[in-house]
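Undergrad: data-v9.cif is reproduced in full below (mmCIF, C-alpha atoms).
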data_protein
#
loop_
_atom_site.label_atom_id
_atom_site.label_comp_id
_atom_site.auth_asym_id
_atom_site.auth_seq_id
_atom_site.Cartn_x
_atom_site.Cartn_y
_atom_site.Cartn_z
CA MET P 1 -10.85 -40.99 -28.33
CA ALA P 2 -11.89 -40.03 -24.83
CA ASN P 3 -15.14 -41.51 -23.71
CA LEU P 4 -18.22 -39.54 -22.79
CA LYS P 5 -17.86 -39.83 -19.08
CA GLU P 6 -14.30 -38.54 -19.01
CA VAL P 7 -15.23 -35.46 -21.01
CA ARG P 8 -18.22 -34.82 -18.80
CA THR P 9 -16.10 -34.95 -15.64
CA ARG P 10 -13.62 -32.50 -17.11
CA ILE P 11 -16.38 -30.10 -18.06
CA THR P 12 -17.70 -30.15 -14.51
CA SER P 13 -14.29 -29.56 -12.99
CA VAL P 14 -13.38 -26.73 -15.35
CA SER P 15 -16.67 -24.96 -14.83
CA SER P 16 -16.38 -25.16 -11.06
CA THR P 17 -12.86 -23.71 -11.29
CA GLN P 18 -14.30 -20.96 -13.41
CA GLN P 19 -16.85 -20.19 -10.75
CA ILE P 20 -14.12 -19.88 -8.16
CA THR P 21 -11.98 -17.57 -10.26
CA LYS P 22 -15.00 -15.47 -11.08
CA ALA P 23 -15.86 -15.12 -7.40
CA MET P 24 -12.26 -14.26 -6.54
CA LYS P 25 -12.27 -11.60 -9.20
CA LEU P 26 -15.36 -9.98 -7.75
CA VAL P 27 -13.96 -10.12 -4.23
CA SER P 28 -10.72 -8.52 -5.41
CA ALA P 29 -12.64 -5.78 -7.17
CA THR P 30 -14.39 -4.88 -3.93
CA LYS P 31 -11.18 -4.99 -1.92
CA LEU P 32 -9.47 -2.90 -4.55
CA ARG P 33 -12.13 -0.23 -4.23
CA LYS P 34 -11.61 -0.17 -0.47
CA ALA P 35 -7.84 0.03 -0.82
CA GLN P 36 -8.11 2.84 -3.33
CA ASN P 37 -10.39 4.65 -0.96
CA ALA P 38 -7.77 4.46 1.77
CA ILE P 39 -5.21 6.00 -0.57
CA THR P 40 -7.56 8.84 -1.46
CA GLN P 41 -8.30 9.42 2.21
CA MET P 42 -4.68 9.92 3.15
CA ARG P 43 -3.73 12.07 0.19
CA PRO P 44 -4.82 15.46 1.63
CA TYR P 45 -2.88 14.63 4.78
CA ALA P 46 0.33 13.92 2.87
CA VAL P 47 -0.08 16.97 0.65
CA LYS P 48 -0.58 19.28 3.60
CA LEU P 49 2.40 17.84 5.46
CA ASN P 50 4.66 18.42 2.51
CA GLY P 51 3.26 21.92 2.14
CA ILE P 52 4.22 22.80 5.69
CA LEU P 53 7.65 21.30 5.22
CA ALA P 54 8.16 23.39 2.11
CA ASN P 55 7.32 26.48 4.14
CA LEU P 56 9.85 25.53 6.78
CA SER P 57 12.70 24.37 4.62
CA ASP P 58 12.52 27.57 2.66
CA SER P 59 13.98 29.57 5.48
CA ILE P 60 16.28 27.17 7.28
CA ASP P 61 18.84 24.71 6.11
CA VAL P 62 17.09 21.44 6.78
CA ASP P 63 19.86 19.19 5.54
CA SER P 64 22.46 19.99 8.14
CA LEU P 65 20.00 19.93 11.01
CA ASN P 66 18.56 16.52 10.76
CA ILE P 67 20.17 13.13 11.13
CA TYR P 68 17.83 11.67 8.54
CA PHE P 69 19.46 13.70 5.84
CA GLN P 70 23.05 12.80 6.59
CA THR P 71 24.62 10.02 4.58
CA ARG P 72 26.98 7.56 6.21
CA GLU P 73 29.37 5.05 4.84
CA VAL P 74 27.26 2.07 3.80
CA LYS P 75 27.96 -1.14 5.68
CA ASN P 76 24.61 -2.40 6.91
CA VAL P 77 21.60 -2.29 4.67
CA LEU P 78 17.97 -2.87 5.54
CA LEU P 79 15.65 -3.84 2.72
CA VAL P 80 11.95 -3.54 3.42
CA VAL P 81 10.29 -5.94 1.00
CA ILE P 82 6.56 -5.39 0.71
CA SER P 83 4.82 -8.40 -0.82
CA SER P 84 1.40 -9.87 -0.15
CA ASP P 85 0.01 -12.48 2.22
CA ARG P 86 -1.70 -14.52 -0.47
CA GLY P 87 -0.80 -15.79 -3.88
CA LEU P 88 -2.85 -16.10 -7.07
CA CYS P 89 -2.10 -12.57 -8.12
CA GLY P 90 -0.03 -13.07 -11.25
CA SER P 91 3.57 -11.97 -11.12
CA PHE P 92 2.98 -9.57 -8.25
CA ASN P 93 5.11 -11.35 -5.66
CA SER P 94 7.68 -12.87 -7.97
CA ASN P 95 8.48 -9.42 -9.36
CA ILE P 96 9.05 -8.06 -5.87
CA ILE P 97 11.23 -11.00 -4.91
CA LYS P 98 13.23 -10.76 -8.12
CA LYS P 99 13.81 -7.06 -7.61
CA ALA P 100 14.85 -7.48 -3.99
CA SER P 101 17.16 -10.36 -4.85
CA SER P 102 18.85 -8.36 -7.58
CA LEU P 103 19.37 -5.48 -5.13
CA VAL P 104 21.03 -7.86 -2.69
CA VAL P 105 23.24 -9.47 -5.32
CA GLU P 106 24.14 -6.41 -7.37
CA LYS P 107 23.63 -3.03 -5.73
CA TYR P 108 24.50 -4.15 -2.21
CA ALA P 109 26.94 -6.93 -3.00
CA GLY P 110 29.39 -7.40 -0.16
CA LYS P 111 27.31 -5.47 2.38
CA ASN P 112 25.48 -6.85 5.35
CA VAL P 113 21.94 -6.99 4.13
CA THR P 114 18.94 -7.56 6.35
CA ILE P 115 15.57 -8.20 4.81
CA LEU P 116 12.46 -6.99 6.59
CA PRO P 117 9.61 -8.64 4.75
CA VAL P 118 6.09 -7.30 5.03
CA GLY P 119 3.63 -9.90 3.75
CA LYS P 120 3.97 -13.66 3.98
CA LYS P 121 5.03 -14.40 0.41
CA GLY P 122 8.25 -12.44 0.54
CA SER P 123 8.96 -13.71 4.01
CA GLU P 124 8.59 -17.35 2.93
CA PHE P 125 10.96 -16.89 0.04
CA PHE P 126 13.74 -15.15 1.91
CA SER P 127 13.52 -17.44 4.91
CA LYS P 128 13.93 -20.53 2.76
CA GLN P 129 16.60 -19.52 0.29
CA GLN P 130 20.22 -20.12 1.19
CA LYS P 131 22.15 -18.76 -1.75
CA MET P 132 22.13 -15.15 -0.60
CA LYS P 133 23.66 -14.41 2.73
CA VAL P 134 20.97 -12.23 4.21
CA THR P 135 19.41 -11.98 7.62
CA VAL P 136 15.64 -12.06 7.71
CA ASN P 137 13.70 -10.13 10.30
CA THR P 138 10.08 -11.26 10.32
CA GLU P 139 8.91 -8.91 13.06
CA TYR P 140 6.62 -6.93 10.76
CA ARG P 141 5.61 -9.78 8.47
CA ASP P 142 1.94 -9.65 9.42
CA THR P 143 1.35 -5.93 9.09
CA PHE P 144 -1.18 -6.60 6.35
CA LEU P 145 -3.45 -8.54 8.68
CA GLN P 146 -4.65 -5.24 10.02
CA LEU P 147 -3.55 -2.42 7.82
CA ASN P 148 -4.28 1.02 9.20
CA ALA P 149 -2.41 4.22 9.90
CA ASN P 150 -1.37 2.95 13.30
CA ALA P 151 0.23 -0.20 11.92
CA GLY P 152 1.96 1.79 9.21
CA PHE P 153 3.26 4.34 11.69
CA GLN P 154 4.56 1.60 13.96
CA LEU P 155 6.61 0.15 11.14
CA GLY P 156 7.76 3.68 10.32
CA SER P 157 8.85 4.32 13.91
CA TYR P 158 10.78 1.08 13.97
CA LEU P 159 12.64 2.03 10.79
CA LEU P 160 13.47 5.49 12.13
CA ASP P 161 14.70 3.98 15.39
CA VAL P 162 17.06 1.49 13.82
CA TYR P 163 18.40 4.12 11.48
CA ARG P 164 18.97 6.62 14.25
CA SER P 165 20.68 4.04 16.43
CA GLY P 166 23.14 3.39 13.62
CA LYS P 167 22.16 -0.24 13.18
CA TYR P 168 21.62 0.34 9.48
CA ASP P 169 23.18 2.92 7.20
CA VAL P 170 20.71 2.69 4.36
CA ILE P 171 17.08 1.66 4.37
CA GLU P 172 15.45 0.90 1.07
CA VAL P 173 11.85 -0.05 0.36
CA VAL P 174 10.83 -2.39 -2.46
CA TYR P 175 7.13 -2.35 -3.29
CA ASN P 176 4.55 -2.20 -6.04
CA GLN P 177 3.37 1.31 -6.61
CA PHE P 178 -0.27 1.56 -7.53
CA LYS P 179 -1.00 3.22 -10.84
CA ASN P 180 -4.34 1.78 -11.82
CA ALA P 181 -6.14 -1.52 -11.42
CA ALA P 182 -4.22 -3.13 -14.25
CA THR P 183 -0.82 -1.51 -13.75
CA GLN P 184 1.63 -1.72 -10.90
CA ILE P 185 4.96 0.01 -10.99
CA LEU P 186 7.70 -1.99 -9.34
CA THR P 187 9.53 0.57 -7.23
CA ASN P 188 12.55 0.65 -5.00
CA ASP P 189 12.84 3.84 -3.00
CA GLN P 190 15.60 4.84 -0.70
CA PHE P 191 13.80 5.57 2.54
CA LEU P 192 16.74 6.75 4.62
CA PRO P 193 18.89 8.77 4.43
CA ILE P 194 16.46 11.12 2.75
CA ASP P 195 17.20 12.20 -0.73
CA THR P 196 16.80 15.94 -0.21
CA LYS P 197 15.26 16.61 -3.56
CA SER P 198 12.56 14.01 -3.18
CA ILE P 199 11.04 15.41 -0.05
CA LYS P 200 11.34 19.15 -0.41
CA GLY P 201 9.68 19.60 -3.74
CA ASN P 202 9.81 22.86 -5.60
CA GLN P 203 7.15 24.75 -3.75
CA LYS P 204 8.18 28.21 -2.72
CA ALA P 205 6.60 29.54 0.40
CA LYS P 206 5.20 33.03 0.37
CA ASN P 207 3.57 33.20 3.74
CA ASP P 208 4.93 34.72 6.90
CA TYR P 209 4.15 32.24 9.58
CA LEU P 210 4.55 32.39 13.32
CA PHE P 211 6.31 29.24 14.40
CA GLU P 212 5.61 27.66 17.74
CA PRO P 213 7.68 26.59 19.62
CA SER P 214 10.39 27.10 16.97
CA LYS P 215 11.08 26.09 13.43
CA GLU P 216 13.68 23.57 14.51
CA GLU P 217 11.38 21.87 16.98
CA ILE P 218 8.53 21.69 14.53
CA LEU P 219 10.90 20.19 12.04
CA GLU P 220 11.94 17.56 14.56
CA ASP P 221 8.32 16.54 14.79
CA LEU P 222 7.46 16.98 11.16
CA ILE P 223 10.15 14.97 9.42
CA PRO P 224 9.52 11.67 11.22
CA ARG P 225 5.82 12.20 10.60
CA ILE P 226 6.40 12.65 6.89
CA LEU P 227 8.60 9.58 6.75
CA LYS P 228 6.05 7.47 8.55
CA THR P 229 3.36 8.71 6.23
CA GLN P 230 5.57 7.69 3.33
CA ILE P 231 5.89 4.13 4.66
CA TYR P 232 2.16 3.94 5.27
CA ARG P 233 1.59 5.13 1.76
CA SER P 234 3.83 2.41 0.34
CA LEU P 235 1.87 -0.18 2.29
CA LEU P 236 -1.43 1.17 1.00
CA ASP P 237 -0.09 1.28 -2.53
CA SER P 238 1.09 -2.28 -2.29
CA ALA P 239 -2.24 -3.47 -0.91
CA ALA P 240 -4.14 -1.77 -3.71
CA SER P 241 -1.72 -3.13 -6.29
CA GLU P 242 -2.14 -6.63 -4.93
CA HIS P 243 -5.89 -6.56 -5.34
CA GLY P 244 -5.54 -5.01 -8.78
CA ALA P 245 -3.09 -7.70 -9.84
CA ARG P 246 -5.30 -10.45 -8.47
CA MET P 247 -8.34 -9.02 -10.20
CA VAL P 248 -6.56 -9.02 -13.55
CA ALA P 249 -5.13 -12.50 -13.01
CA MET P 250 -8.51 -13.91 -12.05
CA ASP P 251 -10.20 -12.19 -14.97
CA LYS P 252 -7.75 -13.87 -17.33
CA ALA P 253 -8.23 -17.20 -15.59
CA THR P 254 -11.99 -16.89 -15.99
CA ASP P 255 -11.59 -16.13 -19.69
CA ASN P 256 -9.26 -19.08 -20.15
CA ALA P 257 -11.68 -21.38 -18.39
CA GLY P 258 -14.39 -20.15 -20.76
CA GLU P 259 -12.24 -21.01 -23.79
CA LEU P 260 -11.46 -24.40 -22.34
CA LEU P 261 -15.13 -25.08 -21.72
CA LYS P 262 -15.98 -24.19 -25.31
CA ALA P 263 -13.40 -26.64 -26.65
CA LEU P 264 -14.54 -29.33 -24.23
CA LYS P 265 -18.17 -28.93 -25.26
CA ILE P 266 -17.26 -29.40 -28.91
CA GLU P 267 -15.28 -32.47 -27.94
CA TYR P 268 -18.20 -33.75 -25.88
CA ASN P 269 -20.64 -33.38 -28.75
CA ARG P 270 -18.26 -35.03 -31.14
CA VAL P 271 -17.86 -38.03 -28.84
CA ARG P 272 -21.60 -38.25 -28.33
CA GLN P 273 -22.23 -38.06 -32.07
CA ALA P 274 -19.66 -40.77 -32.72
CA ALA P 275 -21.26 -43.01 -30.13
CA ILE P 276 -24.70 -42.54 -31.71
CA THR P 277 -23.36 -43.13 -35.19
CA THR P 278 -21.71 -46.35 -34.09
CA GLU P 279 -24.89 -47.47 -32.41
CA ILE P 280 -27.03 -46.78 -35.46
CA SER P 281 -24.68 -48.49 -37.83
CA GLU P 282 -24.64 -51.48 -35.52
CA ILE P 283 -28.44 -51.65 -35.51
CA VAL P 284 -28.67 -51.17 -39.24
CA GLY P 285 -25.98 -53.79 -39.75
CA GLY P 286 -27.85 -56.19 -37.45
CA ALA P 287 -31.17 -55.57 -39.23
CA ALA P 288 -29.55 -56.07 -42.61
CA ALA P 289 -28.04 -59.36 -41.51
CA LEU P 290 -31.46 -60.52 -40.24
CA SER P 291 -33.38 -59.58 -43.42
CA ALA P 292 -30.71 -61.24 -45.59
CA ASN P 293 -31.46 -64.44 -43.82
CA MET R 1 -13.35 30.28 9.85
CA GLN R 2 -12.75 26.95 8.15
CA LEU R 3 -11.39 23.97 10.07
CA GLU R 4 -10.11 20.62 8.83
CA ILE R 5 -8.84 17.85 11.06
CA LEU R 6 -6.97 15.31 8.98
CA THR R 7 -5.52 11.94 9.91
CA PRO R 8 -3.90 9.50 7.51
CA ASP R 9 -6.95 7.25 7.84
CA LYS R 10 -9.66 9.80 7.28
CA THR R 11 -10.88 13.34 7.65
CA LEU R 12 -12.16 13.70 11.20
CA PHE R 13 -13.77 17.07 10.83
CA SER R 14 -14.35 19.58 8.11
CA GLY R 15 -16.48 22.68 8.31
CA ASP R 16 -17.16 26.14 9.67
CA VAL R 17 -16.22 26.82 13.29
CA GLU R 18 -16.28 29.71 15.74
CA SER R 19 -13.13 28.72 17.59
CA VAL R 20 -10.85 25.76 18.17
CA THR R 21 -8.65 24.94 21.14
CA VAL R 22 -5.60 22.77 20.54
CA PRO R 23 -2.98 21.14 22.79
CA GLY R 24 0.13 23.02 21.60
CA SER R 25 3.45 21.59 22.68
CA LYS R 26 4.02 24.71 24.79
CA GLY R 27 0.52 24.66 26.29
CA ARG R 28 -3.06 24.70 25.13
CA PHE R 29 -4.20 27.64 23.09
CA GLN R 30 -7.29 28.82 21.30
CA ILE R 31 -7.58 29.92 17.71
CA LEU R 32 -10.26 32.47 16.89
CA ASN R 33 -11.30 34.19 13.73
CA ASN R 34 -8.61 36.24 11.94
CA HIS R 35 -5.76 34.56 13.75
CA ALA R 36 -2.32 35.37 12.36
CA ALA R 37 -0.63 32.78 10.14
CA LEU R 38 0.84 30.14 12.39
CA VAL R 39 2.44 26.73 12.38
CA SER R 40 2.69 24.88 15.67
CA SER R 41 3.40 21.37 16.79
CA LEU R 42 0.83 19.67 18.98
CA ASP R 43 1.02 17.27 21.87
CA LYS R 44 -1.23 14.37 22.74
CA GLY R 45 -4.53 15.72 24.00
CA LYS R 46 -7.97 16.97 23.18
CA VAL R 47 -9.03 19.29 20.41
CA ASN R 48 -12.13 21.31 21.32
CA VAL R 49 -14.12 22.61 18.43
CA GLN R 50 -16.80 25.24 18.94
CA THR R 51 -19.30 25.52 16.14
CA LYS R 52 -22.51 27.50 15.87
CA SER R 53 -24.51 24.41 16.71
CA GLY R 54 -22.44 23.22 19.65
CA ASN R 55 -19.20 21.71 20.85
CA GLU R 56 -17.23 18.80 19.52
CA GLN R 57 -14.20 17.10 20.92
CA PHE R 58 -11.47 15.04 19.27
CA GLU R 59 -8.67 13.02 20.80
CA ILE R 60 -5.30 13.37 19.04
CA THR R 61 -1.89 11.89 19.68
CA GLY R 62 0.24 14.81 18.63
CA GLY R 63 0.52 16.52 15.29
CA VAL R 64 0.84 19.88 13.60
CA VAL R 65 -1.56 22.77 13.17
CA GLU R 66 -1.41 25.34 10.40
CA VAL R 67 -3.41 28.54 10.40
CA LEU R 68 -3.59 30.61 7.27
CA LYS R 69 -6.17 33.20 6.23
CA ASN R 70 -8.98 31.86 8.38
CA LYS R 71 -8.28 28.31 7.35
CA VAL R 72 -7.11 25.99 10.09
CA VAL R 73 -5.68 22.58 9.29
CA ILE R 74 -4.86 20.12 12.02
CA LEU R 75 -2.74 17.16 11.01
CA ALA R 76 -3.11 14.52 13.70
#
Translate this structure into C-alpha cells?
TA:
Amino acid sequence: MANLKEVRTRITSVSSTQQITKAMKLVSATKLRKAQNAITQMRPYAVKLNGILANLSDSIDVDSLNIYFQTREVKNVLLVVISSDRGLCGSFNSNIIKKASSLVVEKYAGKNVTILPVGKKGSEFFSKQQKMKVTVNTEYRDTFLQLNANAGFQLGSYLLDVYRSGKYDVIEVVYNQFKNAATQILTNDQFLPIDTKSIKGNQKAKNDYLFEPSKEEILEDLIPRILKTQIYRSLLDSAASEHGARMVAMDKATDNAGELLKALKIEYNRVRQAAITTEISEIVGGAAALSAN
Amino acid sequence: MQLEILTPDKTLFSGDVESVTVPGSKGRFQILNNHAALVSSLDKGKVNVQTKSGNEQFEITGGVVEVLKNKVVILA
C-alpha cells in the first residue's frame, strides 16, 4: 500500500492541475464571448453585401462575367487549413488535420496540392509529415496573432490573386464552423471557383436601383469583397470554435481532476487509518507483553 | 433619413442624418433626403455625415453604398 507521503504529494499535484484547468476554462469562456461578439458584429455587413448582390445578379448574368465563377480543369489545388495556434482544445486540431489529409489523399489524389495553413498546429503537422506529397506555404500561418478584418481581407486578397493568376485551379477551405460553445461543425468549403448557388441565394429583388458607375463595375468590386468577407468569417468562426472547444475540454479536465481528488482522499484516509491502527495495536501489544511479565 | 456605416469589424455609425457625402468611384456626391434608390461603388476617401447636432467624418478604403427609401447603408 502506498505510504502517506506519496498520497499527499499526488493530492497536491492533482489539485494544482485542477486549478490550472479551471483557470484556462474561465479564460476560454471570456475569449469565446469576445469571438462571438466579433461574429455578431460582422453579420449585418455580410447580410447587406449579399442583399446587394442578389439585386444585381437578378438582372445580369453574373456567371459568365466573372472569372471567379468559371471552372477550370483541376491540376493545382490550394487547401487553406484553418487550425489554432495552441493545443489543449480536445480534438479541434486533430479533426481539421484528419479532414485535410483525407482531402489530399482521396478527393485530390494525383493533383498538385499546396497547403496554406492558418494557425500553428496545422502548420506544424503538415511541415513535418512526409507521407503526403504536398507543398506547404506558411506565409499566413500567424494570422491569428492579430485577427481583425484587415488581416482576414489580406488573406482573402492573396487567395483571389493566386486564383486569378492561374496558379491554382481550385481553392478549398477546411475549418471548424461555429455552432455553439459545445459544438463545432467540421467544414470544407470550396472557396473558388464560386459555386453559383451558394452565393446568390434565393432572394428576388424588387427594387429599381440606379447603378453607378454600372452594374458590371459594381459587381467587379462587390464579388471580391464578398469573398474576402467569407474568408474573414471562416477565420472568426474557427477562432470562436477553438475557444469553445477548449472551454469544453478544460471543463471536462476539471471534472476529472475532481473525481481523481475524491478517490485520492479516500485512499489517503484509508492509509492514515491503517497507520493508526497498526500503531495502536503495537502499543497495546507492547503493554500486554509488559503486564504479562 | 437613416444612415448606417458598416465595416466587418463593427458598426461605425448608425442614426438619423440630414445629408451624407460619399466618395463615389466617379466622383464625390451628396445624398439628401428622398434620394432615389441607388447602388454605387465607393473609392478610398472621406465620408462626411451631417446630422442635426453637427458634422462627423469617417475614413473609408472603398466600399459600396446602397440607398433605398430614405435608408442609406455604406459598406466600407
Undergrad: Which value, in Å to one decimal, gives the distance between CA of Thr61 (chain R) and CA of Gln230 (chain P)?
TA: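 Taking CA of Thr61 (chain R) as the start and CA of Gln230 (chain P) as the end point, the length is 18.5 Å.
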Undergrad: Can you pull out the residues contacting Leu6 (chain R)? Cut-off 6 Å, using all atoms listed in the file, and skip same-chain residues under 5 positions away; I want them as a ChimeraX atom specification.
TA: /P:45 /R:11-12,75
Undergrad: Within 9 Å of chain R, which residues belong to chain P? Use all atoms listed in the file and report them as a ChimeraX atom specification.
TA: /P:38-39,41-46,48-49,52,148-150,207-215,217-219,221-222,225,229,232
Undergrad: To test your reading of the syntax: which residues would the PyMOL selection byres ((chain P and resi 272-279) around 12) return for the file shown? Reply as a PDB file with C-alpha atoms, keeping the file's coordinate frame.
TA:
ATOM      1  CA  MET P   1     -10.850 -40.990 -28.330  1.00  0.00           C
ATOM      2  CA  ALA P   2     -11.890 -40.030 -24.830  1.00  0.00           C
ATOM      3  CA  ASN P   3     -15.140 -41.510 -23.710  1.00  0.00           C
ATOM      4  CA  LEU P   4     -18.220 -39.540 -22.790  1.00  0.00           C
ATOM      5  CA  LYS P   5     -17.860 -39.830 -19.080  1.00  0.00           C
ATOM      6  CA  GLU P   6     -14.300 -38.540 -19.010  1.00  0.00           C
ATOM      7  CA  VAL P   7     -15.230 -35.460 -21.010  1.00  0.00           C
ATOM      8  CA  ARG P   8     -18.220 -34.820 -18.800  1.00  0.00           C
ATOM      9  CA  LYS P 265     -18.170 -28.930 -25.260  1.00  0.00           C
ATOM     10  CA  ILE P 266     -17.260 -29.400 -28.910  1.00  0.00           C
ATOM     11  CA  GLU P 267     -15.280 -32.470 -27.940  1.00  0.00           C
ATOM     12  CA  TYR P 268     -18.200 -33.750 -25.880  1.00  0.00           C
ATOM     13  CA  ASN P 269     -20.640 -33.380 -28.750  1.00  0.00           C
ATOM     14  CA  ARG P 270     -18.260 -35.030 -31.140  1.00  0.00           C
ATOM     15  CA  VAL P 271     -17.860 -38.030 -28.840  1.00  0.00           C
ATOM     16  CA  ILE P 280     -27.030 -46.780 -35.460  1.00  0.00           C
ATOM     17  CA  SER P 281     -24.680 -48.490 -37.830  1.00  0.00           C
ATOM     18  CA  GLU P 282     -24.640 -51.480 -35.520  1.00  0.00           C
ATOM     19  CA  ILE P 283     -28.440 -51.650 -35.510  1.00  0.00           C
ATOM     20  CA  VAL P 284     -28.670 -51.170 -39.240  1.00  0.00           C
ATOM     21  CA  GLY P 285     -25.980 -53.790 -39.750  1.00  0.00           C
ATOM     22  CA  GLY P 286     -27.850 -56.190 -37.450  1.00  0.00           C
TER      23      GLY P 286
END
Undergrad: Can you tell me, as an MDAnalysis selection string, what residues are no more than 12 Å from Glu56 (chain R) when counting only C-alpha atoms, ignoring any on the same chain fewer than 6 positions away?
TA: chainID R and resid 5 12:15 17:21 46:50
Undergrad: When the PyMOL selection byres ((chain P and resi 242) around 9) is applied to the structure above, which residues does it catch, written out as a count of residues only?
TA: 20
Undergrad: Please identify all polymer residues within 10 Å of Leu261 (chain P), counting all atoms listed in the file, omitting same-chain residues fewer than 2 positions from it, and present them as a list of chain:residue names.
TA: P:Arg10, P:Ile11, P:Thr12, P:Ser13, P:Val14, P:Ser15, P:Gln18, P:Asp255, P:Asn256, P:Ala257, P:Gly258, P:Glu259, P:Ala263, P:Leu264, P:Lys265, P:Ile266, P:Glu267
Undergrad: Work out how far CA of Gly90 (chain P) is from CA of Ala249 (chain P), in Å to one decimal.
TA: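 For CA of Ala249 (chain P) relative to CA of Gly90 (chain P), the distance reads 5.4 Å.
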Undergrad: Have a look at CA of Asp161 (chain P) and CA of Pro224 (chain P) and let me know their distance in Å, one decimal.
TA: 10.2 Å
Undergrad: I would like the residues chosen by the PyMOL selection byres ((chain R and resi 45) around 6) on the shown file; could you give them as a list in words?
TA: Pro23, Lys44, Lys46, Glu59 and Ile60 of chain R
